[in-house]
file work.txt (compact mmCIF, C-alpha atoms and all ligand atoms)
# COMPACT_ATOMS: atom_id res chain seq x y z
CA MET P 586 14.16 22.50 -6.83
CA MET P 587 13.99 22.52 -10.59
CA PRO P 588 16.06 20.43 -12.98
CA ASP P 589 19.02 22.23 -14.44
CA LEU P 590 20.07 19.65 -17.00
CA PRO P 591 19.20 20.23 -20.64
CA ASN P 592 16.94 17.73 -22.35
CA ALA P 593 18.89 15.35 -24.60
CA PHE P 594 15.88 15.08 -26.95
CA TRP P 595 15.01 18.34 -28.68
CA TYR P 596 13.57 19.78 -31.88
CA GLN P 597 15.74 21.46 -34.43
CA GLU P 598 13.26 23.10 -36.79
CA ASP P 599 10.63 20.33 -36.87
CA ALA P 600 12.91 17.32 -36.60
CA LEU P 601 13.53 15.54 -33.31
CA TYR P 602 17.16 15.00 -32.31
CA CYS P 603 19.00 13.09 -29.64
CA GLU P 604 22.00 15.28 -28.90
CA GLN P 605 23.13 16.17 -32.45
CA ALA P 606 21.83 13.01 -34.13
CA ALA P 607 18.57 13.12 -36.10
CA LEU P 608 16.24 10.38 -34.87
CA ALA P 609 14.83 9.91 -38.39
CA ASP P 610 18.34 8.94 -39.59
CA ILE P 611 18.78 6.49 -36.74
CA ALA P 612 15.40 4.89 -37.43
CA ALA P 613 16.14 4.66 -41.14
CA ARG P 614 19.36 2.75 -40.53
CA ALA P 615 18.72 0.84 -37.31
CA GLY P 616 15.07 0.07 -38.00
CA THR P 617 12.19 0.29 -35.53
CA PRO P 618 11.37 -0.28 -32.79
CA CYS P 619 14.69 0.71 -31.25
CA TYR P 620 15.95 2.26 -28.05
CA VAL P 621 18.09 5.39 -28.31
CA TYR P 622 20.20 6.65 -25.40
CA SER P 623 22.15 9.88 -24.96
CA LEU P 624 25.51 9.15 -23.40
CA ARG P 625 25.91 12.78 -22.41
CA ALA P 626 22.61 12.77 -20.52
CA VAL P 627 23.62 9.67 -18.56
CA LEU P 628 27.06 10.98 -17.65
CA GLU P 629 25.74 14.46 -16.74
CA ARG P 630 23.30 12.96 -14.29
CA PHE P 631 25.92 10.73 -12.75
CA ALA P 632 28.26 13.73 -12.47
CA ALA P 633 25.53 15.76 -10.77
CA TYR P 634 25.37 13.15 -7.99
CA GLN P 635 29.14 13.16 -7.70
CA GLU P 636 29.33 16.96 -7.51
CA GLY P 637 26.54 17.22 -4.96
CA LEU P 638 28.32 14.72 -2.71
CA SER P 639 31.87 15.95 -3.26
CA GLY P 640 33.86 16.36 -0.08
CA LEU P 641 32.00 13.53 1.63
CA PRO P 642 33.43 9.99 1.45
CA HIS P 643 30.88 8.31 -0.77
CA LEU P 644 30.10 5.87 -3.55
CA VAL P 645 27.32 6.35 -6.09
CA CYS P 646 26.23 2.80 -6.92
CA TYR P 647 24.23 2.96 -10.13
CA ALA P 648 21.25 0.56 -9.87
CA VAL P 649 21.95 -1.86 -12.70
CA LYS P 650 18.35 -3.05 -12.85
CA ALA P 651 17.28 0.25 -14.43
CA ASN P 652 19.31 -0.32 -17.59
CA SER P 653 21.95 -3.00 -17.72
CA ASN P 654 23.32 -2.39 -21.21
CA LEU P 655 26.98 -3.44 -21.15
CA HIS P 656 28.26 -0.36 -22.92
CA LEU P 657 26.41 1.99 -20.56
CA LEU P 658 27.79 0.09 -17.58
CA ALA P 659 31.28 0.41 -19.02
CA MET P 660 30.89 4.17 -19.48
CA LEU P 661 29.58 4.57 -15.94
CA ALA P 662 32.41 2.44 -14.53
CA LYS P 663 34.89 4.65 -16.36
CA ALA P 664 33.23 7.70 -14.85
CA GLY P 665 33.84 6.25 -11.37
CA ALA P 666 30.50 4.64 -10.60
CA GLY P 667 29.95 1.80 -8.20
CA PHE P 668 27.03 -0.52 -8.84
CA ASP P 669 23.98 -1.82 -7.01
CA VAL P 670 23.10 -5.32 -8.21
CA VAL P 671 20.21 -7.59 -7.29
CA SER P 672 21.37 -10.83 -8.87
CA ALA P 673 24.54 -12.69 -9.76
CA GLY P 674 23.60 -12.05 -13.39
CA GLU P 675 23.80 -8.31 -12.84
CA LEU P 676 27.16 -8.72 -11.09
CA PHE P 677 28.37 -10.75 -14.08
CA ARG P 678 27.35 -7.90 -16.36
CA VAL P 679 29.16 -5.32 -14.22
CA ILE P 680 32.35 -7.37 -14.21
CA ARG P 681 32.12 -8.05 -17.94
CA ALA P 682 31.72 -4.29 -18.49
CA GLY P 683 34.94 -3.65 -16.57
CA GLY P 684 33.30 -2.56 -13.30
CA ASP P 685 35.20 -3.10 -10.08
CA PRO P 686 33.52 -5.72 -7.83
CA ALA P 687 34.95 -3.92 -4.80
CA ARG P 688 32.55 -1.09 -5.67
CA VAL P 689 29.47 -3.31 -5.86
CA VAL P 690 26.71 -3.65 -3.31
CA PHE P 691 24.39 -6.66 -3.56
CA SER P 692 20.74 -5.90 -2.68
CA GLY P 693 17.58 -7.96 -2.89
CA VAL P 694 15.28 -9.98 -0.69
CA GLY P 695 15.98 -13.44 -2.15
CA LYS P 696 19.67 -14.04 -2.79
CA THR P 697 20.43 -17.72 -3.39
CA ALA P 698 23.44 -19.55 -1.92
CA ASP P 699 24.96 -19.77 -5.41
CA GLU P 700 24.60 -16.03 -5.88
CA ILE P 701 26.15 -15.26 -2.49
CA GLU P 702 29.08 -17.55 -3.27
CA TYR P 703 29.56 -15.93 -6.67
CA ALA P 704 29.63 -12.49 -5.04
CA LEU P 705 31.97 -13.58 -2.23
CA ALA P 706 34.37 -15.11 -4.74
CA ARG P 707 34.55 -11.81 -6.60
CA GLY P 708 35.03 -9.71 -3.50
CA ILE P 709 32.12 -7.30 -3.64
CA HIS P 710 31.95 -4.33 -1.27
CA SER P 711 28.96 -5.50 0.77
CA PHE P 712 25.60 -7.22 0.96
CA ASN P 713 22.41 -5.41 1.89
CA CYS P 714 20.66 -8.10 3.97
CA GLU P 715 16.95 -8.40 4.39
CA SER P 716 16.50 -11.21 6.93
CA ASP P 717 18.15 -13.06 9.82
CA SER P 718 18.38 -16.22 7.75
CA GLU P 719 20.16 -14.40 4.95
CA VAL P 720 22.75 -13.07 7.42
CA ALA P 721 23.24 -16.61 8.75
CA LEU P 722 23.70 -18.01 5.24
CA ILE P 723 26.24 -15.33 4.29
CA ASP P 724 28.09 -16.04 7.56
CA ALA P 725 28.25 -19.77 6.79
CA LEU P 726 29.35 -19.32 3.18
CA ALA P 727 31.95 -16.70 4.12
CA ALA P 728 33.32 -19.06 6.81
CA ARG P 729 33.68 -21.82 4.23
CA ARG P 730 35.65 -19.47 2.04
CA GLY P 731 37.70 -18.15 4.95
CA VAL P 732 36.64 -14.54 4.48
CA ARG P 733 34.60 -11.96 6.38
CA ALA P 734 31.71 -10.43 4.48
CA ARG P 735 30.73 -6.83 5.01
CA ILE P 736 26.99 -6.43 5.43
CA ALA P 737 24.38 -3.76 6.00
CA ILE P 738 20.91 -4.50 7.27
CA ARG P 739 18.23 -3.10 5.02
CA VAL P 740 15.85 -1.28 7.27
CA ASN P 741 12.26 -0.47 6.51
CA PRO P 742 11.87 3.12 7.71
CA HIS P 743 8.07 3.28 7.29
CA VAL P 744 8.06 6.22 4.93
CA GLU P 745 5.31 6.51 2.34
CA ALA P 746 7.09 7.17 -0.93
CA GLY P 747 3.95 8.17 -2.77
CA ALA P 748 4.71 6.46 -6.09
CA HIS P 749 2.73 3.66 -7.76
CA PRO P 750 1.94 0.84 -5.25
CA TYR P 751 4.10 -1.64 -7.21
CA ILE P 752 7.20 0.52 -6.81
CA SER P 753 6.77 1.82 -3.28
CA THR P 754 8.74 -0.35 -0.87
CA GLY P 755 9.20 1.34 2.50
CA LEU P 756 5.92 0.55 4.29
CA ARG P 757 5.24 -2.01 7.02
CA GLN P 758 3.30 -4.35 4.75
CA HIS P 759 6.09 -4.69 2.17
CA LYS P 760 8.36 -7.69 1.80
CA PHE P 761 11.44 -5.46 1.83
CA GLY P 762 13.75 -4.71 4.71
CA ILE P 763 13.72 -5.36 8.43
CA ASP P 764 11.10 -3.59 10.47
CA PHE P 765 12.35 -0.63 12.50
CA SER P 766 11.10 -2.27 15.69
CA GLU P 767 13.20 -5.39 15.13
CA VAL P 768 16.35 -3.97 13.71
CA GLU P 769 18.39 -3.81 16.92
CA ASP P 770 17.82 -7.51 17.57
CA VAL P 771 18.88 -8.41 14.05
CA TYR P 772 22.13 -6.45 14.50
CA ARG P 773 22.72 -8.07 17.87
CA ARG P 774 22.41 -11.50 16.27
CA ALA P 775 24.61 -10.43 13.35
CA LEU P 776 27.28 -9.35 15.85
CA ALA P 777 27.46 -12.95 17.00
CA CYS P 778 28.26 -14.17 13.45
CA PRO P 779 32.05 -14.39 13.22
CA ASN P 780 32.26 -14.17 9.42
CA VAL P 781 30.11 -11.15 8.83
CA VAL P 782 31.00 -7.57 9.64
CA ALA P 783 27.72 -5.75 10.33
CA GLU P 784 29.05 -2.29 9.63
CA GLY P 785 26.32 -0.74 7.50
CA VAL P 786 22.69 0.31 7.48
CA SER P 787 20.68 0.64 4.31
CA CYS P 788 17.23 1.57 3.12
CA HIS P 789 15.35 2.18 -0.10
CA ILE P 790 11.86 3.58 0.29
CA GLY P 791 10.58 3.40 -3.26
CA SER P 792 10.97 4.66 -6.77
CA GLN P 793 9.86 7.60 -8.93
CA ILE P 794 9.81 9.86 -5.87
CA LEU P 795 9.15 13.44 -6.98
CA ASN P 796 8.97 14.91 -3.49
CA PRO P 797 12.48 14.64 -1.99
CA GLU P 798 11.04 15.41 1.47
CA ARG P 799 10.09 11.73 1.61
CA ILE P 800 13.71 10.71 1.20
CA PHE P 801 14.90 13.40 3.63
CA GLU P 802 12.47 12.01 6.21
CA ALA P 803 14.02 8.57 5.75
CA VAL P 804 17.53 10.06 6.08
CA ASP P 805 16.63 11.56 9.47
CA ARG P 806 15.29 8.23 10.69
CA MET P 807 18.34 6.38 9.43
CA LEU P 808 20.73 8.82 11.13
CA GLU P 809 18.86 8.34 14.40
CA LEU P 810 19.19 4.61 13.93
CA VAL P 811 22.93 4.87 13.29
CA ALA P 812 23.31 6.76 16.58
CA ARG P 813 21.24 4.14 18.42
CA LEU P 814 23.22 1.23 16.98
CA ARG P 815 26.52 2.92 17.76
CA GLY P 816 25.20 3.42 21.27
CA MET P 817 24.85 -0.37 21.47
CA GLY P 818 28.54 -0.68 20.61
CA LEU P 819 28.07 -1.53 16.93
CA PRO P 820 30.78 -0.14 14.68
CA ILE P 821 28.47 1.35 12.02
CA ARG P 822 30.58 2.79 9.22
CA HIS P 823 28.42 3.06 6.14
CA LEU P 824 24.97 4.34 5.30
CA ASP P 825 23.28 3.31 2.05
CA LEU P 826 20.20 5.40 1.25
CA GLY P 827 19.10 3.45 -1.85
CA GLY P 828 17.74 5.11 -4.96
CA GLY P 829 14.34 6.46 -5.79
CA LEU P 830 14.65 9.99 -7.19
CA GLY P 831 11.98 10.54 -9.84
CA VAL P 832 12.17 11.81 -13.40
CA ALA P 833 9.80 13.84 -15.60
CA TYR P 834 7.37 11.65 -17.51
CA LYS P 835 4.76 14.34 -18.18
CA PRO P 836 5.61 17.73 -19.64
CA GLY P 837 4.72 19.60 -16.41
CA ASP P 838 6.42 17.19 -13.97
CA ARG P 839 8.68 19.04 -11.55
CA THR P 840 11.63 16.88 -10.64
CA PRO P 841 14.20 17.44 -7.93
CA ASP P 842 17.53 18.80 -9.08
CA ILE P 843 20.05 16.01 -8.59
CA ARG P 844 22.97 18.20 -7.53
CA GLU P 845 20.89 20.07 -4.95
CA PHE P 846 19.35 16.85 -3.70
CA ALA P 847 22.75 15.22 -3.26
CA GLY P 848 24.10 18.39 -1.66
CA TRP P 849 21.29 18.31 0.88
CA ILE P 850 22.14 14.71 1.76
CA ARG P 851 25.84 15.57 2.03
CA ARG P 852 25.11 18.35 4.53
CA LYS P 853 22.88 16.01 6.56
CA VAL P 854 25.44 13.22 6.69
CA GLU P 855 28.57 15.37 7.06
CA GLY P 856 29.97 15.12 10.53
CA ALA P 857 28.37 11.73 11.21
CA ASP P 858 31.60 9.93 10.29
CA LEU P 859 29.89 7.73 7.70
CA PHE P 860 30.74 6.43 4.25
CA LEU P 861 27.66 7.31 2.21
CA MET P 862 26.25 5.16 -0.57
CA LEU P 863 23.38 5.95 -2.95
CA GLU P 864 21.77 3.58 -5.46
CA PRO P 865 20.16 5.77 -8.12
CA GLY P 866 18.86 4.09 -11.25
CA ARG P 867 15.99 5.87 -12.94
CA SER P 868 17.29 9.38 -12.28
CA ILE P 869 20.52 8.54 -14.12
CA VAL P 870 19.19 6.82 -17.24
CA GLY P 871 15.43 7.49 -17.43
CA GLU P 872 15.45 10.81 -19.24
CA ALA P 873 18.45 9.76 -21.33
CA GLY P 874 16.47 7.26 -23.40
CA ALA P 875 13.59 7.06 -25.87
CA LEU P 876 11.94 4.23 -27.74
CA LEU P 877 11.54 4.92 -31.46
CA THR P 878 8.58 3.36 -33.16
CA ARG P 879 6.91 3.58 -36.56
CA VAL P 880 3.18 3.97 -37.19
CA LEU P 881 1.84 0.88 -38.96
CA TYR P 882 -1.85 1.69 -39.28
CA ARG P 883 -4.57 4.11 -38.34
CA LYS P 884 -7.77 2.40 -37.35
CA ARG P 885 -11.15 3.70 -36.26
CA THR P 886 -13.86 1.69 -34.51
CA PRO P 887 -17.31 3.09 -33.68
CA SER P 888 -16.03 4.08 -30.23
CA ARG P 889 -12.31 4.74 -30.57
CA GLU P 890 -9.45 5.90 -32.67
CA PHE P 891 -6.27 3.82 -32.71
CA ILE P 892 -2.72 4.48 -33.77
CA VAL P 893 -1.14 1.05 -34.30
CA VAL P 894 2.66 1.17 -33.97
CA ASP P 895 5.42 -1.40 -34.29
CA ALA P 896 6.52 -1.17 -30.64
CA ALA P 897 4.59 -3.14 -28.05
CA MET P 898 4.33 -3.95 -24.36
CA THR P 899 7.09 -6.48 -25.08
CA ASP P 900 9.43 -3.54 -25.76
CA LEU P 901 8.15 -1.13 -23.08
CA ILE P 902 5.84 -2.63 -20.48
CA ARG P 903 5.59 0.35 -18.12
CA PRO P 904 2.30 1.75 -19.48
CA SER P 905 0.63 -1.68 -19.30
CA LEU P 906 2.11 -2.71 -15.95
CA TYR P 907 1.99 0.55 -13.97
CA GLN P 908 -0.44 2.64 -16.03
CA SER P 909 2.52 4.94 -16.38
CA TYR P 910 2.50 7.92 -18.68
CA HIS P 911 5.23 8.32 -21.30
CA GLU P 912 5.23 11.43 -23.45
CA ILE P 913 5.04 10.47 -27.14
CA LEU P 914 6.51 12.94 -29.62
CA PRO P 915 6.44 12.96 -33.41
CA VAL P 916 9.92 12.57 -34.88
CA ARG P 917 8.84 15.12 -37.49
CA ARG P 918 6.38 17.81 -36.42
CA SER P 919 3.66 18.52 -38.96
CA SER P 920 0.74 20.90 -39.27
CA ARG P 921 -1.79 18.10 -39.58
CA GLY P 922 -3.34 18.86 -36.18
CA THR P 923 -4.11 16.39 -33.41
CA VAL P 924 -6.38 13.45 -32.74
CA LEU P 925 -7.60 11.77 -29.55
CA ALA P 926 -6.36 8.19 -29.82
CA ASP P 927 -5.00 5.08 -28.14
CA VAL P 928 -1.46 4.20 -29.18
CA VAL P 929 -1.31 0.43 -29.33
CA GLY P 930 1.15 -2.27 -30.34
CA PRO P 931 0.84 -5.53 -32.31
CA VAL P 932 0.68 -7.90 -29.30
CA CYS P 933 -2.48 -9.92 -28.81
CA GLU P 934 -3.50 -8.40 -25.48
CA SER P 935 -5.88 -5.53 -24.74
CA GLY P 936 -3.28 -4.41 -22.23
CA ASP P 937 -0.81 -3.79 -25.04
CA PHE P 938 -0.76 -0.01 -25.25
CA LEU P 939 1.72 2.82 -24.97
CA ALA P 940 -0.90 5.51 -24.39
CA LEU P 941 -4.66 5.65 -23.84
CA ASP P 942 -7.02 8.47 -24.73
CA ARG P 943 -4.12 10.68 -25.62
CA GLU P 944 -4.18 13.89 -27.62
CA MET P 945 -1.73 12.77 -30.31
CA PRO P 946 -0.28 14.39 -33.39
CA ASN P 947 -2.34 13.31 -36.38
CA VAL P 948 0.28 10.85 -37.62
CA LEU P 949 -0.01 8.64 -40.69
CA PRO P 950 1.31 5.15 -41.45
CA GLY P 951 5.07 5.33 -41.93
CA ASP P 952 5.51 8.27 -39.52
CA LEU P 953 7.90 7.91 -36.61
CA LEU P 954 7.17 8.50 -32.94
CA ALA P 955 9.50 8.75 -29.95
CA VAL P 956 8.26 7.35 -26.65
CA CYS P 957 10.14 9.50 -24.16
CA THR P 958 11.76 8.88 -20.77
CA ALA P 959 12.24 5.23 -21.65
CA GLY P 960 15.88 4.86 -20.64
CA ALA P 961 15.04 3.29 -17.27
CA TYR P 962 13.06 0.07 -16.84
CA GLY P 963 12.51 -0.04 -20.59
CA PHE P 964 14.71 -2.52 -22.39
CA VAL P 965 15.46 -4.45 -19.18
CA LEU P 966 11.78 -5.34 -18.80
CA SER P 967 11.36 -6.35 -22.44
CA SER P 968 10.35 -9.86 -23.41
CA ASN P 969 10.00 -12.19 -26.37
CA TYR P 970 6.26 -12.66 -25.88
CA ASN P 971 4.50 -13.36 -29.18
CA ALA P 972 7.97 -14.43 -30.43
CA ARG P 973 8.98 -10.83 -30.97
CA PRO P 974 12.74 -10.29 -31.25
CA ARG P 975 13.86 -7.63 -28.79
CA PRO P 976 14.81 -4.23 -30.21
CA PRO P 977 18.35 -2.91 -30.65
CA GLU P 978 19.89 -0.31 -28.36
CA ILE P 979 21.60 2.71 -29.89
CA LEU P 980 24.00 4.99 -28.06
CA VAL P 981 24.34 8.58 -29.24
CA GLU P 982 27.43 10.64 -28.60
CA GLY P 983 27.23 14.10 -30.13
CA ASP P 984 26.35 13.65 -33.79
CA ALA P 985 27.64 10.06 -33.85
CA TRP P 986 25.78 6.95 -32.83
CA ARG P 987 26.42 3.27 -32.66
CA THR P 988 24.51 0.09 -31.99
CA VAL P 989 25.42 -1.14 -28.52
CA ARG P 990 23.10 -4.11 -28.71
CA VAL P 991 21.87 -5.53 -31.99
CA ARG P 992 18.28 -6.41 -32.76
CA GLU P 993 17.55 -10.02 -31.90
CA THR P 994 17.15 -12.47 -34.76
CA PHE P 995 14.77 -15.39 -35.20
CA GLU P 996 17.67 -17.66 -34.26
CA ASP P 997 18.00 -15.78 -30.96
CA LEU P 998 14.34 -16.58 -30.31
CA ILE P 999 14.98 -20.33 -30.25
CA ARG P 1000 18.47 -20.33 -28.67
CA GLY P 1001 18.77 -23.14 -26.14
CA GLU P 1002 15.64 -24.97 -27.27
CA SER P 1003 15.72 -28.46 -28.72
CA LEU P 1004 13.47 -30.51 -30.93
N1 LIG C 1 18.00 0.17 -4.80
C1 LIG C 1 17.07 -0.77 -4.56
C2 LIG C 1 17.25 -1.68 -3.42
C3 LIG C 1 15.95 -0.87 -5.40
O1 LIG C 1 15.03 -1.79 -5.14
C4 LIG C 1 15.81 0.02 -6.50
C5 LIG C 1 14.67 -0.09 -7.41
C6 LIG C 1 16.83 0.97 -6.72
C7 LIG C 1 17.89 1.03 -5.84
C8 LIG C 1 16.78 1.95 -7.85
O2 LIG C 1 15.70 2.80 -7.72
P1 LIG C 1 15.50 4.04 -8.72
O3 LIG C 1 16.58 5.06 -8.42
O4 LIG C 1 15.59 3.53 -10.09
O5 LIG C 1 14.15 4.54 -8.38
N2 LIG C 1 10.18 -1.25 -12.72
C9 LIG C 1 9.71 -0.11 -11.97
C10 LIG C 1 10.73 0.36 -10.97
C11 LIG C 1 11.15 -0.70 -9.98
C12 LIG C 1 12.17 -0.20 -9.01
C13 LIG C 1 12.69 -1.31 -8.17
N3 LIG C 1 13.75 -0.96 -7.28
C14 LIG C 1 9.34 1.00 -12.94
O6 LIG C 1 9.47 0.79 -14.15
O7 LIG C 1 8.92 2.06 -12.52

call {"tool": "encode", "arguments": {"input": "work.txt", "output": "structure tokens", "more": "lines below"}}
Ligand code: LLP
result
Amino acid sequence: MMPDLPNAFWYQEDALYCEQAALADIAARAGTPCYVYSLRAVLERFAAYQEGLSGLPHLVCYAVKANSNLHLLAMLAKAGAGFDVVSAGELFRVIRAGGDPARVVFSGVGKTADEIEYALARGIHSFNCESDSEVALIDALAARRGVRARIAIRVNPHVEAGAHPYISTGLRQHKFGIDFSEVEDVYRRALACPNVVAEGVSCHIGSQILNPERIFEAVDRMLELVARLRGMGLPIRHLDLGGGLGVAYKPGDRTPDIREFAGWIRRKVEGADLFLMLEPGRSIVGEAGALLTRVLYRKRTPSREFIVVDAAMTDLIRPSLYQSYHEILPVRRSSRGTVLADVVGPVCESGDFLALDREMPNVLPGDLLAVCTAGAYGFVLSSNYNARPRPPEILVEGDAWRTVRVRETFEDLIRGESL
């Protein structure tokens, strides 16, 4: 399966564009570092899921954790998305963006009582539960409110997702989910809770999965489980397969085609009388975003060549945290050749880099670079370390663009503190 969606970032002559907007213009007006997102790319990917699943009763719940920008959430809500949240804060964002709580699923291994109450009060679709004690707590809080809460048990299907160890979640040793061997007992106990309706099963085996066979394997196991649970008399109605589809970070990365992938799942699930839910995050927003940064200095030590830029691990932590590769493109291509260099930021940590030992265009101070595939787990993982204001977020639509989150100010840095 090969991707069939055009890249939102492309060269016209030697200038890099997002859709029809020149990145050099955006950087000149919005400043750097800044995140730039293509609205078209986001909506196309969401639509590809919808088309692949069409005909099957389903809900594509965009995983808010990947990029929780309010404007993006609003656009996805308008396009018909549901949402997967992992905190009351994310649910607050969804509601503020105009999302329908009845289309929200609440995942996560450590929901607090306050968060469960918040979600119950707003009438979310369901909770994905990860332990007996969580089910018991939801039951008690739902009873107090006089409602019945729909739940799914998150099952650990023991499938190796093959991504970085920090983002693979479906193995026995992980904190996530209920072990396959114990799942029937957990459902049996849930059945005895009068204020929960245990009508779903869910799983999520990991993230940045480039081989869809891994997910297909999990689907087979989950369908077997549904049959087993129904055999026990449980009224299983929905199946949530989580997210996890990977995106292209390196030029040669082959990524699954979303429409084909979703179509495959539809054919598998069709006929099983199930409401299907998916929780894609990265595959919807990852390729739709880039981080623009300006070269501050070139620096050579006896052993290395450095390109010092104004973006840091505080803006994009993925290279430092997961040793992940992000393609870095010049915003203007030149004929100055290439250089083997580390691309590093201003933060006082050796781990502050965007690329190591990379064949880079021979850029000079003042030149602009675009760190690609930064739309997912980019801004959301940013921090104020070293008292760095967080960058703005820009949304491009055709040749127009607007700031959908402004750059933080010094005042923002001290908000809530007192002397
Ligand atoms: N559902 C659940 C329950 C999840 O835990 C996740 C991601 C998703 C859905 C969305 O998965 P996606 O479609 O985005 O792969 N910060 C890491 C990724 C952490 C993913 C955590 N869970 C990174 O930057 O690679």

call {"tool": "closest_residue", "arguments": {"input": "work.txt", "among": "P:Leu655, P:Leu901, P:Leu876, P:Cys957", "to": "ligand LIG 1 (chain C)", "atoms": "only C-alpha atoms and all ligand atoms"}}
result
P:Leu901

call {"tool": "closest_atom_pairs", "arguments": {"input": "work.txt", "of": "chain P", "to": "ligand LIG 1 (chain C)", "cutoff": "6 Å", "atoms": "all atoms listed in the file", "output": "JSON lines"}}
result
{"residue": "P:Ala648", "atom": "CA", "partner": "C:LIG1", "partner_atom": "C8", "distance": 5.1}
{"residue": "P:Ala651", "atom": "CA", "partner": "C:LIG1", "partner_atom": "O4", "distance": 5.7}
{"residue": "P:Ser692", "atom": "CA", "partner": "C:LIG1", "partner_atom": "C2", "distance": 5.5}
{"residue": "P:Ile752", "atom": "CA", "partner": "C:LIG1", "partner_atom": "C11", "distance": 5.2}
{"residue": "P:His789", "atom": "CA", "partner": "C:LIG1", "partner_atom": "C2", "distance": 5.4}
{"residue": "P:Ser792", "atom": "CA", "partner": "C:LIG1", "partner_atom": "O5", "distance": 3.6}
{"residue": "P:Gln793", "atom": "CA", "partner": "C:LIG1", "partner_atom": "O5", "distance": 5.3}
{"residue": "P:Gly827", "atom": "CA", "partner": "C:LIG1", "partner_atom": "N1", "distance": 4.5}
{"residue": "P:Gly828", "atom": "CA", "partner": "C:LIG1", "partner_atom": "O3", "distance": 3.6}
{"residue": "P:Gly829", "atom": "CA", "partner": "C:LIG1", "partner_atom": "O5", "distance": 3.2}
{"residue": "P:Leu830", "atom": "CA", "partner": "C:LIG1", "partner_atom": "O3", "distance": 5.4}
{"residue": "P:Glu864", "atom": "CA", "partner": "C:LIG1", "partner_atom": "C7", "distance": 4.7}
{"residue": "P:Pro865", "atom": "CA", "partner": "C:LIG1", "partner_atom": "O3", "distance": 3.7}
{"residue": "P:Gly866", "atom": "CA", "partner": "C:LIG1", "partner_atom": "O4", "distance": 3.5}
{"residue": "P:Arg867", "atom": "CA", "partner": "C:LIG1", "partner_atom": "O4", "distance": 3.7}
{"residue": "P:Ser868", "atom": "CA", "partner": "C:LIG1", "partner_atom": "O3", "distance": 5.8}
{"residue": "P:Arg903", "atom": "CA", "partner": "C:LIG1", "partner_atom": "O6", "distance": 5.6}
{"residue": "P:Tyr962", "atom": "CA", "partner": "C:LIG1", "partner_atom": "O6", "distance": 4.5}

call {"tool": "residues_around", "arguments": {"input": "work.txt", "residues": "range 986-988 of chain P", "least_positions_apart": "5", "cutoff": "9 Å", "atoms": "all atoms listed in the file", "output": "ChimeraX atom specification"}}
result
/P:606,611,615,977-981

call {"tool": "residues_around", "arguments": {"input": "work.txt", "residues": "range 594-599 of chain P", "least_positions_apart": "3", "cutoff": "6 Å", "atoms": "all atoms listed in the file", "output": "PyMOL selection string"}}
result
chain P and resi 602-603+917-918

call {"tool": "write_last_selection", "arguments": {"input": "work.txt", "atoms": "C-alpha atoms", "output": "PDB file, keeping the file's coordinate frame"}}
result
ATOM      1  CA  TYR P 602      17.160  15.000 -32.310  1.00  0.00           C
ATOM      2  CA  CYS P 603      19.000  13.090 -29.640  1.00  0.00           C
ATOM      3  CA  ARG P 917       8.840  15.120 -37.490  1.00  0.00           C
ATOM      4  CA  ARG P 918       6.380  17.810 -36.420  1.00  0.00           C
TER       5      ARG P 918
END

call {"tool": "closest_residue", "arguments": {"input": "work.txt", "among": "P:Ala812, P:Leu925, P:Ile794, P:Val880", "to": "Arg839 in chain P", "atoms": "all atoms listed in the file"}}
result
P:Ile794

call {"tool": "residues_around", "arguments": {"input": "work.txt", "residues": "Ile892 in chain P", "least_positions_apart": "6", "cutoff": "8 Å", "atoms": "only C-alpha atoms", "output": "PyMOL selection string"}}
result
chain P and resi 880-884+926-929

call {"tool": "residues_near_point", "arguments": {"input": "work.txt", "point": "(36.6, -9.6, -4.8)", "cutoff": "6 Å", "atoms": "all atoms listed in the file", "output": "MDAnalysis selection string"}}
result
chainID P and resid 686:687 706:709

call {"tool": "residues_around", "arguments": {"input": "work.txt", "residues": "range 947-949 of chain P", "least_positions_apart": "6", "cutoff": "6 Å", "atoms": "only C-alpha atoms", "output": "number ranges by chain"}}
result
P: 921-924

call {"tool": "closest_residue", "arguments": {"input": "work.txt", "among": "P:Phe765, P:Tyr970, P:Phe691, P:Tyr620", "to": "Thr878 in chain P", "atoms": "all atoms listed in the file"}}
result
P:Tyr620

call {"tool": "closest_residue", "arguments": {"input": "work.txt", "among": "P:Pro797, P:Met862, P:Ser718, P:Ala833", "to": "Asp669 in chain P", "atoms": "all atoms listed in the file"}}
result
P:Met862

call {"tool": "closest_atom_pairs", "arguments": {"input": "work.txt", "of": "range 717-818 of chain P", "to": "range 851-855 of chain P", "cutoff": "10 Å", "atoms": "all atoms listed in the file", "output": "tab-separated table"}}
result
residue	atom	partner	partner_atom	distance
P:Phe801	CA	P:Lys853	CA	8.9
P:Val804	CA	P:Lys853	CA	8.0
P:Asp805	CA	P:Lys853	CA	8.2
P:Leu808	CA	P:Val854	CA	7.8

call {"tool": "residues_around", "arguments": {"input": "work.txt", "residues": "Leu998 in chain P", "least_positions_apart": "2", "cutoff": "7 Å", "atoms": "all atoms listed in the file", "output": "PyMOL selection string"}}
result
chain P and resi 972+974+994-996+1000

call {"tool": "closest_residue", "arguments": {"input": "work.txt", "among": "P:Val786, P:Pro618, P:Met945, P:Ala721", "to": "Met898 in chain P", "atoms": "all atoms listed in the file"}}
result
P:Pro618

call {"tool": "atom_distance", "arguments": {"input": "work.txt", "atom1": "CA of Glu802 in chain P", "atom2": "CA of Met817 in chain P"}}
result
23.2 Å

call {"tool": "closest_residue", "arguments": {"input": "work.txt", "among": "P:Ala613, P:Ala704, P:Ala673, P:Ala847", "to": "Arg730 in chain P", "atoms": "all atoms listed in the file"}}
result
P:Ala704
